[in-house]
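Peer 1: Dropping the structure in here first, questions after.
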2 protein chains.
Amino acid sequence: MATNEDNSVAHDQDTPDRPMTMQDIARVSGVSQSTVSRVLNDAVTTVPIAEVTRQRVLEVAGRLGYRPNPLARGLRGAKTMLLGIIVREISDPFFAHAVEAVSVRARERNYNVVLGSAHSLADEAIELRAVLETRHCDAIILLGDMRDQPRLLDDLSASRVPVVALWQGSALAGVDTVNVDNRAGVEAAIAHLTGLGHRRFGFIGEGQHGDVRARLSAFVESLTERGMPPGDAHILPTINDPAAGADAFRRLASSTEPPTAVVTATDHIAIGALHAAHGHGIAIPGQVSIVGFDDIPFAAYSAPPLTTVHNPITEMASLAVDLAIDRSPSGTADHVLAPTFTVRATTGPPPS
Amino acid sequence: MATNEDNSVAHDQDTPDRPMTMQDIARVSGVSQSTVSRVLNDAVTTVPIAEVTRQRVLEVAGRLGYRPNPLARGLRGAKTMLLGIIVREISDPFFAHAVEAVSVRARERNYNVVLGSAHSLADEAIELRAVLETRHCDAIILLGDMRDQPRLLDDLSASRVPVVALWQGSALAGVDTVNVDNRAGVEAAIAHLTGLGHRRFGFIGEGQHGDVRARLSAFVESLTERGMPPGDAHILPTINDPAAGADAFRRLASSTEPPTAVVTATDHIAIGALHAAHGHGIAIPGQVSIVGFDDIPFAAYSAPPLTTVHNPITEMASLAVDLAIDRSPSGTADHVLAPTFTVRATTGPPPS
DNA sequence: CTGAAAGCGCTAACAC
DNA sequence: GTGTTAGCGCTTTCAG
């Protein structure tokens with residue numbers, strides 16, 4: 001009994017070539033493997049364990065540097081502590097930032113993050129979901145509008161894994177959503193601009209997907225309510241990309257009666273617009289005011305620094321992670337967070 | 001025999017509430033579970049299987065929407081098709097872009113990516129490695145210099161999982177590395193600048209870590225070889241952040257005999273420098289030329305667009321993924337890829 | 001309070 | 001060619 005530690009596995013090496021198992025701990029501490037499992041998992045609902053046994057097992061496990069094997073755990077139906085993320089476009093700086101915020105919060109909650117990007121390719125995203133699900137992620141977070149991938153969504157909402165849609169743009173049947181109040185954001189931008197004296201507005205941004213679509217309709221409605229509905233000529237649909245933004249801005253600037261203020265669907269587009277303005281010698285905000293949306297990190301460093309609607313990325317990501325992990329058993333909810341408005345240097349009074 | 005499909009699990013529902021197992025396939029197609037395994041894995045080394053059987057199994061598996069359970073597979077010792085990434089700072093736009101490139105290539109190779117960010121916090125990163133390893137990632141990719149976390153590195157190089165270090169800044173014992181040729185990049189920048197007529201140079205960028213450290217020493221050596229060694233007053237150590245870059249640029253500009261050309265360790269810093277220059281009415285490149293390093297997506301959209309050393313992000317990421325997955329059995333190698341030089345609008349002749 | 005034993009879904013000998 | 005049989009490391013009854 002006194003020497004039965006001798007049949008233990010080697011634990012003096014810095015790097016054992018085989019990871020410790022519960023069997024090892026059990027052998028060394030002289031209890032059964034199931035007792036080790038009980039001690040190490042100490043759930044509140046578990047059977048009581050003698051304090052001496054518990055201490056001994058804990059000590060041995062610590063000394064041997066035991067780490068549970070999540071694969072085996074997951075196989076047995078327990079939590080995998082894996083959070084799946086499906087991103088629409090991870091190359092989009094906004095989503096890159098969002099992924100960071102999500103993974104930071106996930107780590108605080110002791111979760112690891114499995115990343116998949118959909119690349120707007122329906123089949124690939126479906127495949128992705130299948131992978132993520134069979135990998136037994138405890139939950140899945142959708143980043144960005146996926147409504148052009150209806151099969152993905154159907155699949156997802158019917159599956160047993162909790163799904164939370166972040167920046168999906170609007171409510172979605174069957175899953176929890178966390179959205180920014182796009183309407184309030186655009187409204188703040190227009191209020192700021194009209195306060196400055198602007199009366200002719202332009203909008204740049206594709207109106208097909210999620211947030212961006214909501215921003216466009218908020219733009220139209222806000223101006224209509226103010227009695228100055230925008231003409232179609234001043235609404236330029238474009239993909240979400242600086243190059244496209246630059247191109248659209250050029251067209252807007254060279255139109256007859258160009259707008260004095262331009263609202264862009266995202267900072268990503270605004271950056272492109274700024275670039276085009278600079279290239280064509282159009283003074284910002286002297287000749288045209290520009291406001292963005294999202295407040296990506298780069299927004300503060302554009303020239304001039306961008307006035308924009310601040311998307312509460314960190315808060316939204318945290319909320320989404322918590323929702324995904326804590327998954328309230330009954331029903332789904334749509335959370336809408338308020339943006340704030342950040343005035344920097346791309347807005348000013350219209351030219352007189 | 002004709003009706004023995006009846007004891008199959010339900011497969012008419014769109015969403016079966018229990019994922020298919022090989023058992024299910026076996027039952028439905030009337031073969032043993034191990035035969036199913038053989039068919040579905042069809043390794044070249046496998047025992048031959050009757051074509052009829054194979055077809056039947058394949059058909060049933062397809063019809064029932066079978067997906068292998070990676071947990072069970074991994075538990076049995078097979079590949080998990082999981083690639084772990086440990087990032088130094090995922091908030092850094094360069095690394096965000098790099099993560100994207102890595103995950104794109106990983107997906108092409110049918111791997112999923114597990115993300116962890118180190119946040120420069122030693123203990124957390126070690127914990128992370130433990131998690132990644134016990135999750136049985138098939139390989140791990142390190143993004144950025146981790147040498148301030150020696151325990152991580154020791155742990156990693158001693159472990160059985162292949163490790164590839166990307167943008168680690170220099171060779172590293174025990175693991176494969178993929179680096180950009182920082183010396184060649186800086187040399188190209190200096191050659192460009194001296195060709196323009198510059199003789200007084202400044203450098204902004206922290207010199208502690210990896211790539212950035214290598215760039216600083218390349219800067220010093222390149223100028224020394226040209227017979228114009230930079231004074232200490234013109235070398236400003238700063239963290240890798242636009243705000244810090246802006247601050248450093250201000251100090252440089254207000255020094256006695258300010259440099260006419262500034263080389264920054266990264267675009268991230270260059271962006272800050274540009275911002276500061278704009279704020280202080282310093283003309284770029286009229287009064288000062290600035291060159292960056294990395295060519296992050298935004299570099300083309302700064303005002304003025306940034307002249308910078310182009311880091312071949314996509315190629316390097318692909319290489320790293322391939323190395324990690326295909327792990328040559330013997331020894332490690334250090335791969336160094338050549339950067340290119342992209343002239344945009346922040347460089348010009350010095351003021352006369 | 002603790003041990004024995006049965007699998008989770010899969011792969012890999014080993015039989016026939 | 002194909003079926004049988006062990007487990008991988010863990011959680012969870014079920015018996016003491």
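All residue names refer to the structure tokens as shown: chains lettered A, B, ... in order, residues numbered from 1 in each chain, ligands numbered from 1 in order.
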Tell me the residues of chain D close to chain B, meaning within 9 Å using only C-alpha atoms (C1' of nucleotides), as a list in words.

Peer 2: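 Selected residues: DG1, DT2, DG3, DG7, DC8 and DG9 of chain D.
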
Peer 1: Give me, as a list of chain:residue names, all polymer residues having an atom no more than 10 Å from DT5 in chain D, counting only C-alpha atoms (C1' of nucleotides) and skipping those fewer than 6 positions away in the same chain.

Peer 2: C:DA13, C:DC14, C:DA15

Peer 1: Taking only C-alpha atoms (C1' of nucleotides) into account, produce a table as CSV in which each residue of chain C with an atom at most 7 Å from an atom of chain B appears once, together with its shortest atom pair and the distance in Å to one decimal, ordered by chain and rising number.

Peer 2:
residue,atom,partner,partner_atom,distance
C:DG9,C1',B:Ala72,CA,5.0
C:DC10,C1',B:Ala72,CA,5.2
C:DT11,C1',B:Arg76,CA,6.2

Peer 1: With only C-alpha atoms considered, list every residue of chain A at most 7 Å from chain B, as a count of residues only.

Peer 2: 26

Peer 1: DSSP on the backbone, then: every residue of range 10-258 of chain A marked strand (DSSP E), written as a ChimeraX atom specification.

Peer 2: /A:82-87,112-117,139-143,163-166,176-180,201-204,235-236

Peer 1: Which distance in Å separates CA of Arg250 in chain B and CA of Pro285 in chain B, to one decimal?

Peer 2: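 Separating CA of Arg250 in chain B from CA of Pro285 in chain B is a distance of 15.5 Å.
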
Peer 1: Please return as number ranges by chain: the residues of range 33-65 of chain B that backbone DSSP assigns to helix (DSSP H, G or I).

Peer 2: B: 33-41, 51-63

Peer 1: Is it possible to get the superposed chain B, fitted on chain A over all Cα pairs by sequence order, as a compact mmCIF listing (two decimals) with C-alpha atoms, in the first residue's frame?

Peer 2:
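Written out: result.txt:
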# COMPACT_ATOMS: atom_id res chain seq x y z
CA MET B 1 0.34 0.59 0.34
CA ALA B 2 3.16 2.98 1.00
CA THR B 3 4.88 2.15 -2.24
CA ASN B 4 1.98 1.58 -4.51
CA GLU B 5 2.74 4.80 -6.24
CA ASP B 6 5.36 2.87 -8.10
CA ASN B 7 2.89 1.50 -10.53
CA SER B 8 2.05 5.03 -11.48
CA VAL B 9 2.86 6.32 -14.90
CA ALA B 10 6.01 8.37 -15.15
CA HIS B 11 5.39 11.86 -13.96
CA ASP B 12 8.85 13.21 -13.56
CA GLN B 13 9.36 13.87 -17.22
CA ASP B 14 8.50 17.33 -18.33
CA THR B 15 6.55 16.02 -21.25
CA PRO B 16 4.94 12.66 -20.84
CA ASP B 17 4.37 11.21 -24.27
CA ARG B 18 0.90 10.05 -23.41
CA PRO B 19 -1.57 12.49 -21.87
CA MET B 20 -2.80 11.58 -18.41
CA THR B 21 -6.12 9.83 -18.15
CA MET B 22 -8.48 9.45 -15.27
CA GLN B 23 -7.30 5.88 -15.08
CA ASP B 24 -3.80 7.10 -14.34
CA ILE B 25 -5.01 9.40 -11.61
CA ALA B 26 -7.13 6.62 -10.21
CA ARG B 27 -4.26 4.16 -10.15
CA VAL B 28 -1.87 6.58 -8.49
CA SER B 29 -4.29 7.82 -5.89
CA GLY B 30 -5.70 4.38 -5.22
CA VAL B 31 -9.33 5.06 -5.96
CA SER B 32 -11.60 4.06 -8.79
CA GLN B 33 -11.76 5.95 -12.03
CA SER B 34 -15.34 7.00 -11.45
CA THR B 35 -14.40 8.57 -8.16
CA VAL B 36 -11.80 10.59 -9.98
CA SER B 37 -14.46 11.69 -12.41
CA ARG B 38 -16.71 12.77 -9.58
CA VAL B 39 -14.03 14.72 -7.81
CA LEU B 40 -12.76 16.44 -10.91
CA ASN B 41 -16.19 17.47 -12.09
CA ASP B 42 -17.45 18.44 -8.69
CA ALA B 43 -20.91 19.35 -9.80
CA VAL B 44 -23.19 20.62 -7.07
CA THR B 45 -25.62 17.84 -7.79
CA THR B 46 -23.05 15.17 -7.23
CA VAL B 47 -22.86 12.54 -4.53
CA PRO B 48 -20.83 13.59 -1.53
CA ILE B 49 -17.17 12.59 -1.50
CA ALA B 50 -14.92 12.18 1.54
CA GLU B 51 -12.77 15.25 1.91
CA VAL B 52 -9.59 13.17 2.23
CA THR B 53 -10.29 11.35 -0.99
CA ARG B 54 -11.11 14.54 -2.80
CA GLN B 55 -7.89 16.18 -1.65
CA ARG B 56 -5.78 13.21 -2.58
CA VAL B 57 -7.26 12.96 -6.05
CA LEU B 58 -6.96 16.68 -6.59
CA GLU B 59 -3.35 16.61 -5.48
CA VAL B 60 -2.43 13.74 -7.77
CA ALA B 61 -4.26 15.24 -10.71
CA GLY B 62 -2.50 18.53 -10.20
CA ARG B 63 0.88 16.92 -9.78
CA LEU B 64 0.50 14.80 -12.88
CA GLY B 65 -0.77 17.74 -14.88
CA TYR B 66 -4.00 16.05 -15.75
CA ARG B 67 -6.21 17.59 -18.43
CA PRO B 68 -9.58 16.20 -19.30
CA ASN B 69 -10.00 14.94 -22.83
CA PRO B 70 -12.78 17.05 -24.34
CA LEU B 71 -13.32 14.54 -27.13
CA ALA B 72 -14.22 11.77 -24.76
CA ARG B 73 -16.26 14.15 -22.73
CA GLY B 74 -18.17 15.38 -25.74
CA LEU B 75 -18.71 11.89 -27.01
CA ARG B 76 -20.39 11.02 -23.75
CA GLY B 77 -22.84 13.84 -24.32
CA ALA B 78 -21.32 16.42 -22.04
CA LYS B 79 -20.52 19.96 -23.07
CA THR B 80 -17.67 20.39 -25.52
CA MET B 81 -16.97 23.97 -24.49
CA LEU B 82 -16.75 24.80 -28.15
CA LEU B 83 -18.52 27.78 -29.66
CA GLY B 84 -18.94 27.80 -33.42
CA ILE B 85 -18.86 31.05 -35.36
CA ILE B 86 -20.02 31.37 -38.93
CA VAL B 87 -18.93 34.70 -40.40
CA ARG B 88 -20.26 36.17 -43.54
CA GLU B 89 -17.01 37.82 -44.55
CA ILE B 90 -14.11 37.63 -42.21
CA SER B 91 -12.11 39.94 -44.45
CA ASP B 92 -14.49 42.75 -43.60
CA PRO B 93 -12.71 44.75 -40.88
CA PHE B 94 -15.94 45.16 -38.99
CA PHE B 95 -16.45 41.43 -38.76
CA ALA B 96 -12.81 40.85 -37.97
CA HIS B 97 -13.26 43.11 -35.00
CA ALA B 98 -16.49 41.37 -34.13
CA VAL B 99 -14.85 37.97 -34.21
CA GLU B 100 -12.27 39.27 -31.81
CA ALA B 101 -14.91 40.56 -29.43
CA VAL B 102 -16.77 37.27 -29.57
CA SER B 103 -13.69 35.19 -28.95
CA VAL B 104 -12.59 37.35 -26.05
CA ARG B 105 -15.90 36.88 -24.32
CA ALA B 106 -15.95 33.18 -25.17
CA ARG B 107 -12.62 32.74 -23.52
CA GLU B 108 -13.82 34.53 -20.41
CA ARG B 109 -16.52 31.90 -20.29
CA ASN B 110 -13.96 29.14 -20.80
CA TYR B 111 -15.09 28.37 -24.29
CA ASN B 112 -12.99 27.85 -27.35
CA VAL B 113 -14.05 29.20 -30.66
CA VAL B 114 -14.32 27.25 -33.89
CA LEU B 115 -14.22 29.53 -36.85
CA GLY B 116 -15.89 29.17 -40.19
CA SER B 117 -16.43 31.80 -42.80
CA ALA B 118 -19.27 31.54 -45.22
CA HIS B 119 -17.77 33.61 -48.02
CA SER B 120 -21.27 34.20 -49.29
CA LEU B 121 -21.17 30.76 -50.80
CA ALA B 122 -24.34 28.90 -49.95
CA ASP B 123 -23.15 25.35 -50.29
CA GLU B 124 -20.01 25.98 -48.40
CA ALA B 125 -21.89 27.51 -45.52
CA ILE B 126 -24.26 24.62 -45.28
CA GLU B 127 -21.39 22.22 -45.25
CA LEU B 128 -19.89 24.38 -42.55
CA ARG B 129 -22.91 24.16 -40.36
CA ALA B 130 -22.89 20.42 -40.72
CA VAL B 131 -19.29 20.34 -39.67
CA LEU B 132 -19.81 22.67 -36.77
CA GLU B 133 -22.78 20.73 -35.57
CA THR B 134 -21.27 17.32 -35.82
CA ARG B 135 -18.30 18.69 -34.03
CA HIS B 136 -20.79 19.18 -31.28
CA CYS B 137 -20.31 22.82 -30.68
CA ASP B 138 -22.37 23.77 -27.67
CA ALA B 139 -23.73 26.71 -29.61
CA ILE B 140 -23.33 28.57 -32.86
CA ILE B 141 -23.10 32.29 -33.49
CA LEU B 142 -23.92 33.73 -36.89
CA LEU B 143 -22.09 36.91 -37.79
CA GLY B 144 -23.81 38.98 -40.41
CA ASP B 145 -26.83 38.48 -42.58
CA MET B 146 -27.22 34.95 -43.82
CA ARG B 147 -30.65 35.26 -45.31
CA ASP B 148 -29.36 34.60 -48.79
CA GLN B 149 -28.58 31.12 -47.53
CA PRO B 150 -32.04 29.95 -46.55
CA ARG B 151 -31.04 26.32 -46.30
CA LEU B 152 -28.44 27.20 -43.70
CA LEU B 153 -30.99 29.02 -41.61
CA ASP B 154 -33.62 26.30 -41.88
CA ASP B 155 -31.09 23.70 -40.96
CA LEU B 156 -29.87 25.73 -38.08
CA SER B 157 -33.15 26.68 -36.48
CA ALA B 158 -34.31 23.08 -36.68
CA SER B 159 -31.19 21.75 -35.03
CA ARG B 160 -30.67 21.12 -31.39
CA VAL B 161 -27.76 23.51 -30.98
CA PRO B 162 -28.61 26.99 -29.77
CA VAL B 163 -28.08 29.57 -32.46
CA VAL B 164 -27.62 33.29 -31.98
CA ALA B 165 -27.59 35.65 -34.93
CA LEU B 166 -25.46 38.75 -34.48
CA TRP B 167 -25.79 41.76 -36.78
CA GLN B 168 -28.21 39.87 -38.83
CA GLY B 169 -30.07 43.10 -39.50
CA SER B 170 -33.48 42.15 -38.19
CA ALA B 171 -35.39 39.55 -36.24
CA LEU B 172 -35.27 36.01 -37.48
CA ALA B 173 -37.67 33.18 -36.83
CA GLY B 174 -36.39 30.41 -34.63
CA VAL B 175 -33.17 31.92 -33.40
CA ASP B 176 -32.13 34.57 -30.93
CA THR B 177 -30.91 37.75 -32.55
CA VAL B 178 -28.76 40.60 -31.35
CA ASN B 179 -28.90 43.69 -33.48
CA VAL B 180 -27.92 47.30 -33.35
CA ASP B 181 -30.71 49.82 -33.76
CA ASN B 182 -29.92 50.84 -37.31
CA ARG B 183 -32.85 53.19 -37.49
CA ALA B 184 -31.74 55.11 -34.43
CA GLY B 185 -28.20 55.30 -35.78
CA VAL B 186 -29.22 56.69 -39.14
CA GLU B 187 -31.69 59.03 -37.46
CA ALA B 188 -28.88 60.41 -35.30
CA ALA B 189 -26.76 60.96 -38.38
CA ILE B 190 -29.51 62.80 -40.23
CA ALA B 191 -30.37 64.87 -37.18
CA HIS B 192 -26.72 65.88 -36.87
CA LEU B 193 -26.51 66.74 -40.55
CA THR B 194 -29.77 68.69 -40.77
CA GLY B 195 -28.74 70.55 -37.63
CA LEU B 196 -25.63 71.60 -39.53
CA GLY B 197 -27.85 72.94 -42.30
CA HIS B 198 -27.71 70.17 -44.89
CA ARG B 199 -30.72 69.68 -47.15
CA ARG B 200 -29.43 67.51 -49.99
CA PHE B 201 -28.38 64.01 -48.96
CA GLY B 202 -26.85 61.02 -50.66
CA PHE B 203 -26.54 57.42 -49.54
CA ILE B 204 -23.93 54.86 -50.52
CA GLY B 205 -24.37 51.20 -49.71
CA GLU B 206 -25.83 48.02 -50.99
CA GLY B 207 -29.38 47.53 -49.85
CA GLN B 208 -29.70 43.77 -50.02
CA HIS B 209 -28.36 42.51 -46.78
CA GLY B 210 -29.21 42.82 -43.16
CA ASP B 211 -27.95 45.86 -41.37
CA VAL B 212 -27.10 47.67 -44.52
CA ARG B 213 -30.57 47.22 -45.92
CA ALA B 214 -32.09 48.48 -42.69
CA ARG B 215 -29.84 51.53 -42.82
CA LEU B 216 -30.92 52.38 -46.32
CA SER B 217 -34.61 52.20 -45.51
CA ALA B 218 -34.08 54.19 -42.33
CA PHE B 219 -32.33 56.82 -44.46
CA VAL B 220 -35.22 57.07 -46.88
CA GLU B 221 -37.84 57.17 -44.16
CA SER B 222 -36.04 59.65 -41.97
CA LEU B 223 -35.70 62.10 -44.83
CA THR B 224 -39.23 61.51 -46.01
CA GLU B 225 -40.56 62.28 -42.54
CA ARG B 226 -38.61 65.52 -42.68
CA GLY B 227 -40.29 66.41 -45.91
CA MET B 228 -37.25 66.02 -48.12
CA PRO B 229 -37.39 62.54 -49.66
CA PRO B 230 -34.15 61.63 -51.40
CA GLY B 231 -34.16 61.16 -55.15
CA ASP B 232 -33.16 57.80 -56.55
CA ALA B 233 -30.20 59.44 -58.21
CA HIS B 234 -28.73 60.09 -54.80
CA ILE B 235 -28.96 56.50 -53.61
CA LEU B 236 -26.06 54.42 -54.86
CA PRO B 237 -26.19 50.69 -54.27
CA THR B 238 -22.71 49.24 -53.90
CA ILE B 239 -21.04 46.24 -52.40
CA ASN B 240 -19.41 46.73 -49.04
CA ASP B 241 -15.89 47.54 -50.06
CA PRO B 242 -13.75 50.70 -50.11
CA ALA B 243 -13.13 50.48 -53.85
CA ALA B 244 -16.85 50.32 -54.53
CA GLY B 245 -17.40 53.15 -52.07
CA ALA B 246 -14.83 55.28 -53.84
CA ASP B 247 -16.42 54.62 -57.18
CA ALA B 248 -19.90 55.46 -55.92
CA PHE B 249 -18.68 58.66 -54.33
CA ARG B 250 -17.21 59.80 -57.63
CA ARG B 251 -20.49 59.22 -59.41
CA LEU B 252 -22.37 61.05 -56.67
CA ALA B 253 -20.00 64.02 -56.75
CA SER B 254 -20.25 64.38 -60.50
CA SER B 255 -24.04 64.19 -60.61
CA THR B 256 -26.17 67.24 -61.30
CA GLU B 257 -26.99 68.89 -58.00
CA PRO B 258 -24.65 66.68 -55.95
CA PRO B 259 -25.59 66.14 -52.31
CA THR B 260 -23.85 68.22 -49.66
CA ALA B 261 -23.92 65.33 -47.20
CA VAL B 262 -23.38 61.64 -47.78
CA VAL B 263 -24.43 58.88 -45.41
CA THR B 264 -22.64 55.62 -46.01
CA ALA B 265 -23.88 52.20 -44.97
CA THR B 266 -20.58 51.30 -43.34
CA ASP B 267 -17.26 52.82 -42.41
CA HIS B 268 -15.68 50.48 -44.89
CA ILE B 269 -17.48 52.33 -47.65
CA ALA B 270 -16.90 55.71 -46.05
CA ILE B 271 -13.16 55.07 -46.12
CA GLY B 272 -13.40 54.55 -49.86
CA ALA B 273 -15.45 57.70 -50.28
CA LEU B 274 -12.87 59.69 -48.35
CA HIS B 275 -10.19 58.23 -50.55
CA ALA B 276 -12.02 59.28 -53.70
CA ALA B 277 -12.67 62.75 -52.33
CA HIS B 278 -9.01 63.18 -51.53
CA GLY B 279 -8.03 61.99 -54.99
CA HIS B 280 -10.37 64.45 -56.69
CA GLY B 281 -9.51 67.40 -54.52
CA ILE B 282 -12.96 67.54 -52.97
CA ALA B 283 -12.68 69.12 -49.53
CA ILE B 284 -14.16 67.14 -46.64
CA PRO B 285 -16.14 68.53 -44.88
CA GLY B 286 -15.77 71.85 -46.74
CA GLN B 287 -17.61 70.77 -49.86
CA VAL B 288 -19.21 67.52 -48.75
CA SER B 289 -19.87 66.02 -45.33
CA ILE B 290 -19.55 62.27 -44.88
CA VAL B 291 -20.80 60.07 -42.07
CA GLY B 292 -20.07 56.39 -41.63
CA PHE B 293 -21.58 53.58 -39.61
CA ASP B 294 -19.91 51.06 -37.27
CA ASP B 295 -16.96 52.99 -35.87
CA ILE B 296 -14.35 50.43 -36.82
CA PRO B 297 -10.97 51.01 -35.20
CA PHE B 298 -9.62 52.80 -38.26
CA ALA B 299 -12.43 55.32 -38.34
CA ALA B 300 -10.59 57.45 -35.82
CA TYR B 301 -7.50 57.43 -38.04
CA SER B 302 -8.84 58.31 -41.43
CA ALA B 303 -7.99 61.72 -42.83
CA PRO B 304 -10.00 63.55 -41.75
CA PRO B 305 -11.15 61.36 -38.85
CA LEU B 306 -14.55 59.94 -39.62
CA THR B 307 -17.80 61.10 -38.03
CA THR B 308 -19.72 57.89 -37.59
CA VAL B 309 -22.41 55.93 -35.78
CA HIS B 310 -20.78 53.86 -33.08
CA ASN B 311 -21.83 50.23 -33.12
CA PRO B 312 -21.44 48.79 -29.61
CA ILE B 313 -19.42 45.84 -30.84
CA THR B 314 -18.06 44.61 -27.52
CA GLU B 315 -21.36 44.75 -25.71
CA MET B 316 -23.23 43.05 -28.51
CA ALA B 317 -20.65 40.31 -28.85
CA SER B 318 -20.73 39.66 -25.12
CA LEU B 319 -24.47 39.49 -25.09
CA ALA B 320 -24.52 37.09 -28.01
CA VAL B 321 -21.99 34.79 -26.40
CA ASP B 322 -23.87 34.80 -23.13
CA LEU B 323 -27.14 34.08 -24.88
CA ALA B 324 -25.57 31.29 -26.87
CA ILE B 325 -24.02 29.67 -23.85
CA ASP B 326 -26.86 30.18 -21.39
CA ARG B 327 -29.58 29.54 -23.96
CA SER B 328 -32.80 30.29 -22.21
CA PRO B 329 -34.86 27.13 -22.51
CA SER B 330 -38.02 28.72 -23.82
CA GLY B 331 -38.46 30.67 -26.99
CA THR B 332 -36.26 33.13 -28.76
CA ALA B 333 -35.78 36.83 -28.29
CA ASP B 334 -34.64 39.71 -30.40
CA HIS B 335 -32.27 42.06 -28.66
CA VAL B 336 -31.72 45.50 -30.08
CA LEU B 337 -28.92 47.65 -28.71
CA ALA B 338 -28.71 51.39 -29.11
CA PRO B 339 -25.79 52.89 -31.02
CA THR B 340 -24.16 56.17 -30.05
CA PHE B 341 -23.05 58.93 -32.37
CA THR B 342 -19.42 59.97 -32.65
CA VAL B 343 -18.71 63.34 -34.16
CA ARG B 344 -15.22 63.65 -35.60
CA ALA B 345 -14.05 65.70 -38.53
CA THR B 346 -15.83 64.68 -41.71
CA THR B 347 -18.96 66.68 -41.06
CA GLY B 348 -19.54 70.41 -41.07
CA PRO B 349 -21.93 73.01 -42.46
CA PRO B 350 -22.74 72.77 -46.17
CA PRO B 351 -20.91 75.11 -48.57
CA SER B 352 -22.76 78.43 -48.81
